[in-house]
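Asker: This is query-v6.pdb (PDB, C-alpha atoms, pLDDT in the B column).
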```
ATOM      1  CA  MET A   6     107.185 103.120  98.841  1.00 39.00           C
ATOM      2  CA  THR A   7     105.763 106.471  97.980  1.00 41.00           C
ATOM      3  CA  GLY A   8     107.065 109.443  99.909  1.00 40.00           C
ATOM      4  CA  MET A   9     109.985 107.583 101.460  1.00 45.00           C
ATOM      5  CA  SER A  10     113.501 108.970 101.301  1.00 44.00           C
ATOM      6  CA  GLN A  11     116.282 107.120  99.524  1.00 46.00           C
ATOM      7  CA  SER A  12     117.839 106.190 102.889  1.00 45.00           C
ATOM      8  CA  ASN A  13     114.566 104.683 104.113  1.00 58.00           C
ATOM      9  CA  GLN A  14     114.470 102.522 100.988  1.00 70.00           C
ATOM     10  CA  LEU A  15     117.999 101.262 101.609  1.00 65.00           C
ATOM     11  CA  PRO A  16     117.039  97.896 103.245  1.00 70.00           C
ATOM     12  CA  ALA A  17     114.675  97.089 100.353  1.00 72.00           C
ATOM     13  CA  LEU A  18     117.292  98.059  97.788  1.00 69.00           C
ATOM     14  CA  ILE A  19     119.841  95.825  99.518  1.00 72.00           C
ATOM     15  CA  SER A  20     117.370  92.934  99.487  1.00 69.00           C
ATOM     16  CA  SER A  21     116.726  93.445  95.781  1.00 64.00           C
ATOM     17  CA  ARG A  22     120.462  93.466  95.095  1.00 73.00           C
ATOM     18  CA  ILE A  23     121.049  90.262  97.066  1.00 74.00           C
ATOM     19  CA  CYS A  24     118.217  88.462  95.254  1.00 61.00           C
ATOM     20  CA  HIS A  25     119.547  89.688  91.903  1.00 65.00           C
ATOM     21  CA  ASP A  26     123.094  88.534  92.628  1.00 65.00           C
ATOM     22  CA  LEU A  27     121.976  85.110  93.878  1.00 70.00           C
ATOM     23  CA  ALA A  28     119.905  84.401  90.767  1.00 70.00           C
ATOM     24  CA  SER A  29     122.899  83.647  88.509  1.00 75.00           C
ATOM     25  CA  PRO A  30     124.694  81.122  90.766  1.00 70.00           C
ATOM     26  CA  LEU A  31     121.438  79.306  91.473  1.00 71.00           C
ATOM     27  CA  MET A  32     120.764  79.076  87.746  1.00 76.00           C
ATOM     28  CA  ALA A  33     124.306  77.779  87.222  1.00 75.00           C
ATOM     29  CA  ILE A  34     123.775  75.053  89.833  1.00 73.00           C
ATOM     30  CA  ALA A  35     120.496  74.059  88.164  1.00 73.00           C
ATOM     31  CA  ASN A  36     122.242  73.869  84.780  1.00 75.00           C
ATOM     32  CA  GLY A  37     125.042  71.831  86.308  1.00 75.00           C
ATOM     33  CA  LEU A  38     122.505  69.346  87.654  1.00 74.00           C
ATOM     34  CA  GLU A  39     121.047  68.981  84.169  1.00 77.00           C
ATOM     35  CA  PHE A  40     124.496  68.106  82.811  1.00 75.00           C
ATOM     36  CA  LEU A  41     125.031  65.591  85.620  1.00 72.00           C
ATOM     37  CA  GLU A  42     121.715  63.945  84.751  1.00 74.00           C
ATOM     38  CA  MET A  43     123.131  63.162  81.316  1.00 77.00           C
ATOM     39  CA  THR A  44     125.909  61.149  82.984  1.00 76.00           C
ATOM     40  CA  GLY A  45     123.527  58.886  84.884  1.00 71.00           C
ATOM     41  CA  PHE A  46     123.479  60.942  88.085  1.00 70.00           C
ATOM     42  CA  ALA A  47     119.711  61.496  87.785  1.00 70.00           C
ATOM     43  CA  GLY A  48     117.436  59.603  90.137  1.00 72.00           C
ATOM     44  CA  THR A  49     120.041  59.065  92.834  1.00 75.00           C
ATOM     45  CA  PRO A  50     119.305  60.291  96.388  1.00 79.00           C
ATOM     46  CA  GLU A  51     122.138  62.807  96.044  1.00 76.00           C
ATOM     47  CA  ALA A  52     120.710  64.218  92.823  1.00 75.00           C
ATOM     48  CA  ASP A  53     117.217  64.458  94.308  1.00 78.00           C
ATOM     49  CA  LEU A  54     118.565  66.247  97.384  1.00 81.00           C
ATOM     50  CA  LEU A  55     120.466  68.773  95.282  1.00 79.00           C
ATOM     51  CA  ALA A  56     117.515  69.367  92.944  1.00 77.00           C
ATOM     52  CA  ASP A  57     115.114  69.880  95.846  1.00 79.00           C
ATOM     53  CA  SER A  58     117.542  72.269  97.549  1.00 81.00           C
ATOM     54  CA  VAL A  59     117.969  74.384  94.424  1.00 75.00           C
ATOM     55  CA  LYS A  60     114.215  74.477  93.849  1.00 79.00           C
ATOM     56  CA  SER A  61     113.621  75.549  97.463  1.00 80.00           C
ATOM     57  CA  ALA A  62     116.313  78.241  97.295  1.00 81.00           C
ATOM     58  CA  ARG A  63     114.907  79.684  94.058  1.00 80.00           C
ATOM     59  CA  ALA A  64     111.390  79.724  95.553  1.00 82.00           C
ATOM     60  CA  ARG A  65     112.565  81.552  98.651  1.00 85.00           C
ATOM     61  CA  MET A  66     114.520  84.043  96.578  1.00 85.00           C
ATOM     62  CA  GLU A  67     111.487  84.916  94.436  1.00 89.00           C
ATOM     63  CA  PHE A  68     109.309  85.320  97.529  1.00 93.00           C
ATOM     64  CA  PHE A  69     111.926  87.493  99.240  1.00 90.00           C
ATOM     65  CA  ARG A  70     112.335  89.590  96.081  1.00 90.00           C
ATOM     66  CA  ILE A  71     108.652  90.550  96.312  1.00 92.00           C
ATOM     67  CA  ALA A  72     108.309  90.717 100.104  1.00 92.00           C
ATOM     68  CA  PHE A  73     111.604  92.378 101.030  1.00 91.00           C
ATOM     69  CA  GLY A  74     112.807  93.986  97.819  1.00 90.00           C
ATOM     70  CA  ALA A  75     112.246  97.484  96.486  1.00 86.00           C
ATOM     71  CA  ALA A  76     108.747  98.017  95.118  1.00 84.00           C
ATOM     72  CA  SER A  77     108.166 100.771  92.585  1.00 81.00           C
ATOM     73  CA  PRO A  78     104.644 102.252  92.833  1.00 77.00           C
ATOM     74  CA  ASP A  79     104.146 101.808  89.071  1.00 87.00           C
ATOM     75  CA  GLY A  80     105.433  98.208  89.031  1.00 91.00           C
ATOM     76  CA  ARG A  81     102.834  95.472  88.517  1.00 96.00           C
ATOM     77  CA  ILE A  82     102.627  91.787  89.308  1.00 95.00           C
ATOM     78  CA  GLY A  83     100.247  89.275  87.749  1.00 96.00           C
ATOM     79  CA  ALA A  84      98.166  86.641  89.493  1.00 96.00           C
ATOM     80  CA  ARG A  85     100.190  83.715  88.113  1.00 95.00           C
ATOM     81  CA  GLN A  86     103.528  85.160  89.235  1.00 94.00           C
ATOM     82  CA  ALA A  87     102.144  85.977  92.681  1.00 96.00           C
ATOM     83  CA  GLN A  88     100.650  82.495  93.096  1.00 96.00           C
ATOM     84  CA  THR A  89     103.866  80.768  92.021  1.00 94.00           C
ATOM     85  CA  ALA A  90     106.048  82.811  94.376  1.00 94.00           C
ATOM     86  CA  LEU A  91     103.635  82.429  97.274  1.00 96.00           C
ATOM     87  CA  GLY A  92     102.807  78.757  96.793  1.00 95.00           C
ATOM     88  CA  ASP A  93     106.368  77.569  96.158  1.00 92.00           C
ATOM     89  CA  HIS A  94     107.720  79.444  99.182  1.00 93.00           C
ATOM     90  CA  PHE A  95     105.167  78.147 101.673  1.00 95.00           C
ATOM     91  CA  ARG A  96     105.091  74.575 100.357  1.00 91.00           C
ATOM     92  CA  ASP A  97     108.283  73.691 102.251  1.00 85.00           C
ATOM     93  CA  ARG A  98     106.584  74.947 105.407  1.00 88.00           C
ATOM     94  CA  LYS A  99     103.629  72.601 104.918  1.00 94.00           C
ATOM     95  CA  ILE A 100     101.336  75.536 104.228  1.00 97.00           C
ATOM     96  CA  ASP A 101      98.960  75.527 101.254  1.00 97.00           C
ATOM     97  CA  ALA A 102      99.032  79.155 100.116  1.00 97.00           C
ATOM     98  CA  VAL A 103      96.546  80.559  97.600  1.00 98.00           C
ATOM     99  CA  TRP A 104      96.663  83.964  95.893  1.00 98.00           C
ATOM    100  CA  ASP A 105      92.952  84.495  95.234  1.00 98.00           C
ATOM    101  CA  VAL A 106      93.220  87.838  93.414  1.00 97.00           C
ATOM    102  CA  SER A 107      92.598  87.553  89.684  1.00 95.00           C
ATOM    103  CA  ASP A 108      93.732  90.953  88.392  1.00 94.00           C
ATOM    104  CA  ASP A 109      97.202  92.455  88.287  1.00 96.00           C
ATOM    105  CA  VAL A 110      98.181  94.442  91.372  1.00 96.00           C
ATOM    106  CA  SER A 111     100.936  96.902  92.152  1.00 95.00           C
ATOM    107  CA  ARG A 112     104.157  95.459  93.523  1.00 94.00           C
ATOM    108  CA  VAL A 113     103.638  97.657  96.593  1.00 94.00           C
ATOM    109  CA  GLU A 114     100.328  95.905  97.311  1.00 96.00           C
ATOM    110  CA  ALA A 115     101.845  92.472  96.666  1.00 96.00           C
ATOM    111  CA  LYS A 116     104.695  93.315  99.046  1.00 95.00           C
ATOM    112  CA  ARG A 117     102.234  94.171 101.813  1.00 96.00           C
ATOM    113  CA  ALA A 118     100.213  90.995 101.282  1.00 98.00           C
ATOM    114  CA  PHE A 119     103.310  88.758 101.197  1.00 97.00           C
ATOM    115  CA  LEU A 120     104.686  90.276 104.402  1.00 97.00           C
ATOM    116  CA  LEU A 121     101.367  89.824 106.208  1.00 98.00           C
ATOM    117  CA  ALA A 122     101.167  86.226 104.997  1.00 98.00           C
ATOM    118  CA  GLN A 123     104.624  85.661 106.454  1.00 97.00           C
ATOM    119  CA  CYS A 124     103.405  87.136 109.744  1.00 98.00           C
ATOM    120  CA  CYS A 125     100.640  84.519 109.755  1.00 98.00           C
ATOM    121  CA  GLU A 126     103.206  81.810 109.034  1.00 97.00           C
ATOM    122  CA  THR A 127     105.066  82.734 112.235  1.00 97.00           C
ATOM    123  CA  ALA A 128     101.999  81.704 114.248  1.00 97.00           C
ATOM    124  CA  MET A 129     101.498  78.430 112.306  1.00 97.00           C
ATOM    125  CA  PRO A 130     104.106  75.982 113.655  1.00 96.00           C
ATOM    126  CA  ARG A 131     102.184  72.945 112.370  1.00 96.00           C
ATOM    127  CA  GLY A 132     101.343  74.286 108.920  1.00 97.00           C
ATOM    128  CA  GLY A 133      97.886  74.739 107.478  1.00 98.00           C
ATOM    129  CA  SER A 134      96.541  76.997 104.757  1.00 98.00           C
ATOM    130  CA  VAL A 135      96.683  80.674 103.820  1.00 98.00           C
ATOM    131  CA  ARG A 136      94.380  82.440 101.374  1.00 98.00           C
ATOM    132  CA  ILE A 137      94.946  86.002 100.192  1.00 98.00           C
ATOM    133  CA  THR A 138      91.936  87.894  98.860  1.00 98.00           C
ATOM    134  CA  ARG A 139      91.042  91.502  98.160  1.00 96.00           C
ATOM    135  CA  PRO A 140      87.327  92.121  98.690  1.00 90.00           C
ATOM    136  CA  GLY A 141      86.912  95.714  97.567  1.00 88.00           C
ATOM    137  CA  ALA A 142      89.756  97.908  98.773  1.00 89.00           C
ATOM    138  CA  VAL A 143      90.558  95.688 101.762  1.00 96.00           C
ATOM    139  CA  TRP A 144      93.265  93.041 101.664  1.00 97.00           C
ATOM    140  CA  GLN A 145      92.554  89.917 103.689  1.00 98.00           C
ATOM    141  CA  ILE A 146      94.883  87.100 104.674  1.00 98.00           C
ATOM    142  CA  ALA A 147      92.895  84.193 106.122  1.00 98.00           C
ATOM    143  CA  ALA A 148      94.850  81.335 107.684  1.00 98.00           C
ATOM    144  CA  GLU A 149      93.741  78.012 109.115  1.00 98.00           C
ATOM    145  CA  THR A 150      96.056  75.894 111.237  1.00 97.00           C
ATOM    146  CA  PRO A 151      95.843  73.090 113.810  1.00 97.00           C
ATOM    147  CA  VAL A 152      97.616  75.255 116.385  1.00 96.00           C
ATOM    148  CA  VAL A 153      97.853  79.052 116.609  1.00 97.00           C
ATOM    149  CA  LYS A 154     101.128  79.931 118.297  1.00 96.00           C
ATOM    150  CA  GLU A 155     100.978  82.675 120.919  1.00 95.00           C
ATOM    151  CA  VAL A 156     102.901  85.683 119.553  1.00 95.00           C
ATOM    152  CA  SER A 157     100.804  88.545 120.934  1.00 94.00           C
ATOM    153  CA  GLU A 158     103.793  90.895 121.268  1.00 95.00           C
ATOM    154  CA  LEU A 159     104.503  90.472 117.555  1.00 96.00           C
ATOM    155  CA  TRP A 160     100.911  91.131 116.488  1.00 97.00           C
ATOM    156  CA  GLU A 161     101.057  94.359 118.510  1.00 95.00           C
ATOM    157  CA  VAL A 162     103.921  95.520 116.283  1.00 95.00           C
ATOM    158  CA  LEU A 163     101.460  95.588 113.364  1.00 95.00           C
ATOM    159  CA  GLN A 164      99.465  98.194 115.296  1.00 91.00           C
ATOM    160  CA  GLY A 165     102.547 100.293 115.992  1.00 91.00           C
ATOM    161  CA  GLY A 166     103.446  98.657 119.295  1.00 91.00           C
ATOM    162  CA  HIS A 167     106.980  97.977 120.446  1.00 87.00           C
ATOM    163  CA  ALA A 168     108.620  94.609 120.968  1.00 86.00           C
ATOM    164  CA  GLU A 169     112.078  93.116 120.940  1.00 86.00           C
ATOM    165  CA  ILE A 170     112.395  92.028 117.301  1.00 89.00           C
ATOM    166  CA  GLY A 171     115.107  89.688 116.063  1.00 90.00           C
ATOM    167  CA  SER A 172     115.982  88.840 112.478  1.00 89.00           C
ATOM    168  CA  ALA A 173     113.536  85.904 112.456  1.00 92.00           C
ATOM    169  CA  HIS A 174     110.603  88.272 112.929  1.00 94.00           C
ATOM    170  CA  VAL A 175     111.711  91.349 110.994  1.00 92.00           C
ATOM    171  CA  HIS A 176     108.735  90.885 108.627  1.00 95.00           C
ATOM    172  CA  PHE A 177     106.420  92.240 111.333  1.00 96.00           C
ATOM    173  CA  LEU A 178     108.280  95.561 111.358  1.00 93.00           C
ATOM    174  CA  LEU A 179     108.453  95.613 107.570  1.00 92.00           C
ATOM    175  CA  ALA A 180     104.723  94.863 107.251  1.00 95.00           C
ATOM    176  CA  TYR A 181     103.885  97.744 109.581  1.00 95.00           C
ATOM    177  CA  ASP A 182     106.126 100.114 107.621  1.00 92.00           C
ATOM    178  CA  ALA A 183     104.789  98.894 104.261  1.00 93.00           C
ATOM    179  CA  ALA A 184     101.205  99.520 105.391  1.00 94.00           C
ATOM    180  CA  ASP A 185     102.089 103.228 105.187  1.00 91.00           C
ATOM    181  CA  GLY A 186      99.564 104.262 107.842  1.00 91.00           C
ATOM    182  CA  ARG A 187      96.731 102.000 106.692  1.00 93.00           C
ATOM    183  CA  GLY A 188      95.166 100.151 109.584  1.00 94.00           C
ATOM    184  CA  ILE A 189      95.993  96.474 110.135  1.00 97.00           C
ATOM    185  CA  VAL A 190      93.407  94.408 112.014  1.00 97.00           C
ATOM    186  CA  VAL A 191      94.254  90.963 113.398  1.00 97.00           C
ATOM    187  CA  ASP A 192      91.561  88.508 114.513  1.00 97.00           C
ATOM    188  CA  LEU A 193      92.597  85.326 116.286  1.00 97.00           C
ATOM    189  CA  SER A 194      90.461  82.329 117.136  1.00 95.00           C
ATOM    190  CA  GLU A 195      90.992  78.631 117.697  1.00 94.00           C
ATOM    191  CA  GLY A 196      92.640  77.325 114.566  1.00 96.00           C
ATOM    192  CA  ALA A 197      92.260  80.542 112.570  1.00 98.00           C
ATOM    193  CA  ILE A 198      94.045  83.838 111.916  1.00 98.00           C
ATOM    194  CA  THR A 199      92.563  86.678 109.888  1.00 98.00           C
ATOM    195  CA  VAL A 200      94.569  89.779 109.012  1.00 98.00           C
ATOM    196  CA  ARG A 201      92.963  92.717 107.222  1.00 98.00           C
ATOM    197  CA  LEU A 202      94.649  95.734 105.717  1.00 97.00           C
ATOM    198  CA  GLY A 203      92.238  98.613 105.062  1.00 88.00           C
TER     199      GLY A 203
END
```
Using structure tokens, write down the structure from this file.

Answerer:
Amino acid sequence: MTGMSQSNQLPALISSRICHDLASPLMAIANGLEFLEMTGFAGTPEADLLADSVKSARARMEFFRIAFGAASPDGRIGARQAQTALGDHFRDRKIDAVWDVSDDVSRVEAKRAFLLAQCCETAMPRGGSVRITRPGAVWQIAAETPVVKEVSELWEVLQGGHAEIGSAHVHFLLAYDAADGRGIVVDLSEGAITVRLG
């Protein structure tokens, strides 16, 4: 977040701290499940439920670390890490998410792309697919879904418009701020959403 004051970075720093502090207890729960498996607990509905819950929580935490956490301009993220965080997070939402960028990118760029993908998710109540690409200098998030939910007031936030934003849609405000003045273009059609960041 180049050029931002320390106070403006405060929400991202708080998010990073929360993700960091949650990592240890989640790892402890996962280790505890492994010990329980040795006692014959494995394969039971209760064990499967706990294992799935821990896996989902860890996936969300990694996604939130990138999307909401502090992003140093010189920090980098590889394609495999981005794909894992993106794919695991959206899988629970019945969305097939693909990170189609082969080279390493800055964490700032990954943050922008993740936030815009989450904006698309808001308008995809019945799931679908999301593909993130970077043709040239332009980032593109292309989504396909059976139904595109009407959230026009939220899309306007990405162009600097004003809307009543609750915690469930804070990613629209964060995506606008993260764009740092770069234009965001949203194209909507039947069954498709395309968001471009120039």

Asker: Pick out the closest residue to A:Arg81 from this set: A:Ala115, A:Phe68, A:Arg63, A:Ser157. Count only C-alpha atoms.

Answerer: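 Of A:Ala115, A:Phe68, A:Arg63, A:Ser157, the one nearest A:Arg81 is A:Ala115, counting only C-alpha atoms.
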
Asker: Using atom CA of A:Asp97 and atom CA of A:Ser61 as the two end points, give the distance in Å to one decimal.

Answerer: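 Between atom CA of A:Asp97 and atom CA of A:Ser61 the gap works out to 7.4 Å.
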
Asker: Please determine an axis-aligned box that encloses all atoms of stretch 148-151 of chain A listed in the file, with 5 Å added on each side, and express its centre and edge lengths in Å to one decimal as JSON.

Answerer:
```
{"center_x": 94.9, "center_y": 77.2, "center_z": 110.7, "size_x": 12.3, "size_y": 18.2, "size_z": 16.1}
```

Asker: Contacts of A:Leu121 at 12 Å or less, counting only C-alpha atoms, minus same-chain residues fewer than 6 places along, as a VMD selection string?

Answerer: chain A and resid 72 to 73 91 114 to 115 127 to 128 135 to 137 144 to 148 159 to 160 162 to 163 174 to 184 189 to 191 198 to 202

Asker: As a check of understanding, name the residues that the PyMOL selection byres ((chain A and resi 112) around 7) selects in the supplied structure, as a PyMOL selection string.

Answerer: chain A and resi 76-78+80-82+110-111+113-116

Asker: Please measure the separation of atom CA of A:Ile170 and atom CA of A:Ala90, giving the value in Å to one decimal.

Answerer: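 Atom CA of A:Ala90 lies at a distance of 25.5 Å from atom CA of A:Ile170.
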
Asker: Starting from the displayed file, determine the output of the PyMOL selection byres ((chain A and resi 33-48) around 12) and express the residue list as an MDAnalysis selection string.

Answerer: chainID A and resid 27:32 49:63

Asker: What gap, in Å, lies between atom CA of A:Gly141 and atom CA of A:Met129?

Answerer: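 If I compute the distance from atom CA of A:Gly141 to atom CA of A:Met129, I get 27.0 Å.
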
Asker: Output the residue selection produced by the PyMOL selection byres ((chain A and resi 203) around 6) on the file above, formatted as number ranges by chain.

Answerer: A: 143, 187-188, 202

Asker: What would stretch 97-130 of chain A look like with N, CA and C atoms restored, written as a PDB file, keeping the file's coordinate frame?

Answerer:
```
ATOM      1  N   ASP A  97     107.293  74.319 101.372  1.00 85.00           N
ATOM      2  CA  ASP A  97     108.283  73.691 102.251  1.00 85.00           C
ATOM      3  C   ASP A  97     107.883  73.805 103.721  1.00 85.00           C
ATOM      4  N   ARG A  98     107.016  74.736 104.026  1.00 88.00           N
ATOM      5  CA  ARG A  98     106.584  74.947 105.407  1.00 88.00           C
ATOM      6  C   ARG A  98     105.258  74.240 105.707  1.00 88.00           C
ATOM      7  N   LYS A  99     104.873  73.370 104.782  1.00 94.00           N
ATOM      8  CA  LYS A  99     103.629  72.601 104.918  1.00 94.00           C
ATOM      9  C   LYS A  99     102.411  73.506 105.045  1.00 94.00           C
ATOM     10  N   ILE A 100     102.454  74.586 104.274  1.00 97.00           N
ATOM     11  CA  ILE A 100     101.336  75.536 104.228  1.00 97.00           C
ATOM     12  C   ILE A 100     100.856  75.636 102.790  1.00 97.00           C
ATOM     13  N   ASP A 101      99.576  75.385 102.582  1.00 97.00           N
ATOM     14  CA  ASP A 101      98.960  75.527 101.254  1.00 97.00           C
ATOM     15  C   ASP A 101      98.546  76.977 101.087  1.00 97.00           C
ATOM     16  N   ALA A 102      99.276  77.725 100.273  1.00 97.00           N
ATOM     17  CA  ALA A 102      99.032  79.155 100.116  1.00 97.00           C
ATOM     18  C   ALA A 102      98.380  79.453  98.772  1.00 97.00           C
ATOM     19  N   VAL A 103      97.305  80.235  98.812  1.00 98.00           N
ATOM     20  CA  VAL A 103      96.546  80.559  97.600  1.00 98.00           C
ATOM     21  C   VAL A 103      96.457  82.076  97.444  1.00 98.00           C
ATOM     22  N   TRP A 104      96.820  82.552  96.258  1.00 98.00           N
ATOM     23  CA  TRP A 104      96.663  83.964  95.893  1.00 98.00           C
ATOM     24  C   TRP A 104      95.339  84.066  95.139  1.00 98.00           C
ATOM     25  N   ASP A 105      94.296  84.483  95.809  1.00 98.00           N
ATOM     26  CA  ASP A 105      92.952  84.495  95.234  1.00 98.00           C
ATOM     27  C   ASP A 105      92.568  85.901  94.777  1.00 98.00           C
ATOM     28  N   VAL A 106      93.448  86.508  93.991  1.00 97.00           N
ATOM     29  CA  VAL A 106      93.220  87.838  93.414  1.00 97.00           C
ATOM     30  C   VAL A 106      93.483  87.704  91.920  1.00 97.00           C
ATOM     31  N   SER A 107      92.480  87.878  91.108  1.00 95.00           N
ATOM     32  CA  SER A 107      92.598  87.553  89.684  1.00 95.00           C
ATOM     33  C   SER A 107      93.289  88.625  88.847  1.00 95.00           C
ATOM     34  N   ASP A 108      93.168  89.888  89.220  1.00 94.00           N
ATOM     35  CA  ASP A 108      93.732  90.953  88.392  1.00 94.00           C
ATOM     36  C   ASP A 108      95.156  91.286  88.819  1.00 94.00           C
ATOM     37  N   ASP A 109      95.861  91.990  87.944  1.00 96.00           N
ATOM     38  CA  ASP A 109      97.202  92.455  88.287  1.00 96.00           C
ATOM     39  C   ASP A 109      97.117  93.466  89.431  1.00 96.00           C
ATOM     40  N   VAL A 110      98.138  93.474  90.266  1.00 96.00           N
ATOM     41  CA  VAL A 110      98.181  94.442  91.372  1.00 96.00           C
ATOM     42  C   VAL A 110      99.541  95.122  91.357  1.00 96.00           C
ATOM     43  N   SER A 111      99.646  96.222  92.069  1.00 95.00           N
ATOM     44  CA  SER A 111     100.936  96.902  92.152  1.00 95.00           C
ATOM     45  C   SER A 111     101.882  96.067  93.002  1.00 95.00           C
ATOM     46  N   ARG A 112     103.166  96.194  92.738  1.00 94.00           N
ATOM     47  CA  ARG A 112     104.157  95.459  93.523  1.00 94.00           C
ATOM     48  C   ARG A 112     104.145  95.912  94.977  1.00 94.00           C
ATOM     49  N   VAL A 113     103.746  97.158  95.211  1.00 94.00           N
ATOM     50  CA  VAL A 113     103.638  97.657  96.593  1.00 94.00           C
ATOM     51  C   VAL A 113     102.561  96.874  97.337  1.00 94.00           C
ATOM     52  N   GLU A 114     101.409  96.659  96.681  1.00 96.00           N
ATOM     53  CA  GLU A 114     100.328  95.905  97.311  1.00 96.00           C
ATOM     54  C   GLU A 114     100.724  94.444  97.526  1.00 96.00           C
ATOM     55  N   ALA A 115     101.395  93.860  96.533  1.00 96.00           N
ATOM     56  CA  ALA A 115     101.845  92.472  96.666  1.00 96.00           C
ATOM     57  C   ALA A 115     102.832  92.347  97.821  1.00 96.00           C
ATOM     58  N   LYS A 116     103.714  93.307  97.953  1.00 95.00           N
ATOM     59  CA  LYS A 116     104.695  93.315  99.046  1.00 95.00           C
ATOM     60  C   LYS A 116     103.988  93.287 100.391  1.00 95.00           C
ATOM     61  N   ARG A 117     102.974  94.135 100.552  1.00 96.00           N
ATOM     62  CA  ARG A 117     102.234  94.171 101.813  1.00 96.00           C
ATOM     63  C   ARG A 117     101.573  92.834 102.106  1.00 96.00           C
ATOM     64  N   ALA A 118     100.921  92.263 101.098  1.00 98.00           N
ATOM     65  CA  ALA A 118     100.213  90.995 101.282  1.00 98.00           C
ATOM     66  C   ALA A 118     101.178  89.865 101.620  1.00 98.00           C
ATOM     67  N   PHE A 119     102.323  89.811 100.938  1.00 97.00           N
ATOM     68  CA  PHE A 119     103.310  88.758 101.197  1.00 97.00           C
ATOM     69  C   PHE A 119     103.859  88.867 102.615  1.00 97.00           C
ATOM     70  N   LEU A 120     104.156  90.082 103.051  1.00 97.00           N
ATOM     71  CA  LEU A 120     104.686  90.276 104.402  1.00 97.00           C
ATOM     72  C   LEU A 120     103.665  89.861 105.460  1.00 97.00           C
ATOM     73  N   LEU A 121     102.403  90.198 105.246  1.00 98.00           N
ATOM     74  CA  LEU A 121     101.367  89.824 106.208  1.00 98.00           C
ATOM     75  C   LEU A 121     101.140  88.314 106.216  1.00 98.00           C
ATOM     76  N   ALA A 122     101.270  87.684 105.047  1.00 98.00           N
ATOM     77  CA  ALA A 122     101.167  86.226 104.997  1.00 98.00           C
ATOM     78  C   ALA A 122     102.307  85.591 105.781  1.00 98.00           C
ATOM     79  N   GLN A 123     103.496  86.196 105.706  1.00 97.00           N
ATOM     80  CA  GLN A 123     104.624  85.661 106.454  1.00 97.00           C
ATOM     81  C   GLN A 123     104.422  85.859 107.954  1.00 97.00           C
ATOM     82  N   CYS A 124     103.744  86.938 108.329  1.00 98.00           N
ATOM     83  CA  CYS A 124     103.405  87.136 109.744  1.00 98.00           C
ATOM     84  C   CYS A 124     102.496  86.008 110.225  1.00 98.00           C
ATOM     85  N   CYS A 125     101.521  85.637 109.402  1.00 98.00           N
ATOM     86  CA  CYS A 125     100.640  84.519 109.755  1.00 98.00           C
ATOM     87  C   CYS A 125     101.446  83.231 109.900  1.00 98.00           C
ATOM     88  N   GLU A 126     102.386  83.027 108.992  1.00 97.00           N
ATOM     89  CA  GLU A 126     103.206  81.810 109.034  1.00 97.00           C
ATOM     90  C   GLU A 126     103.915  81.652 110.377  1.00 97.00           C
ATOM     91  N   THR A 127     104.365  82.771 110.956  1.00 97.00           N
ATOM     92  CA  THR A 127     105.066  82.734 112.235  1.00 97.00           C
ATOM     93  C   THR A 127     104.220  82.078 113.322  1.00 97.00           C
ATOM     94  N   ALA A 128     102.905  82.249 113.234  1.00 97.00           N
ATOM     95  CA  ALA A 128     101.999  81.704 114.248  1.00 97.00           C
ATOM     96  C   ALA A 128     101.409  80.359 113.839  1.00 97.00           C
ATOM     97  N   MET A 129     102.017  79.709 112.813  1.00 97.00           N
ATOM     98  CA  MET A 129     101.498  78.430 112.306  1.00 97.00           C
ATOM     99  C   MET A 129     102.571  77.349 112.362  1.00 97.00           C
ATOM    100  N   PRO A 130     102.993  76.934 113.549  1.00 96.00           N
ATOM    101  CA  PRO A 130     104.106  75.982 113.655  1.00 96.00           C
ATOM    102  C   PRO A 130     103.815  74.608 113.068  1.00 96.00           C
TER     103      PRO A 130
END
```
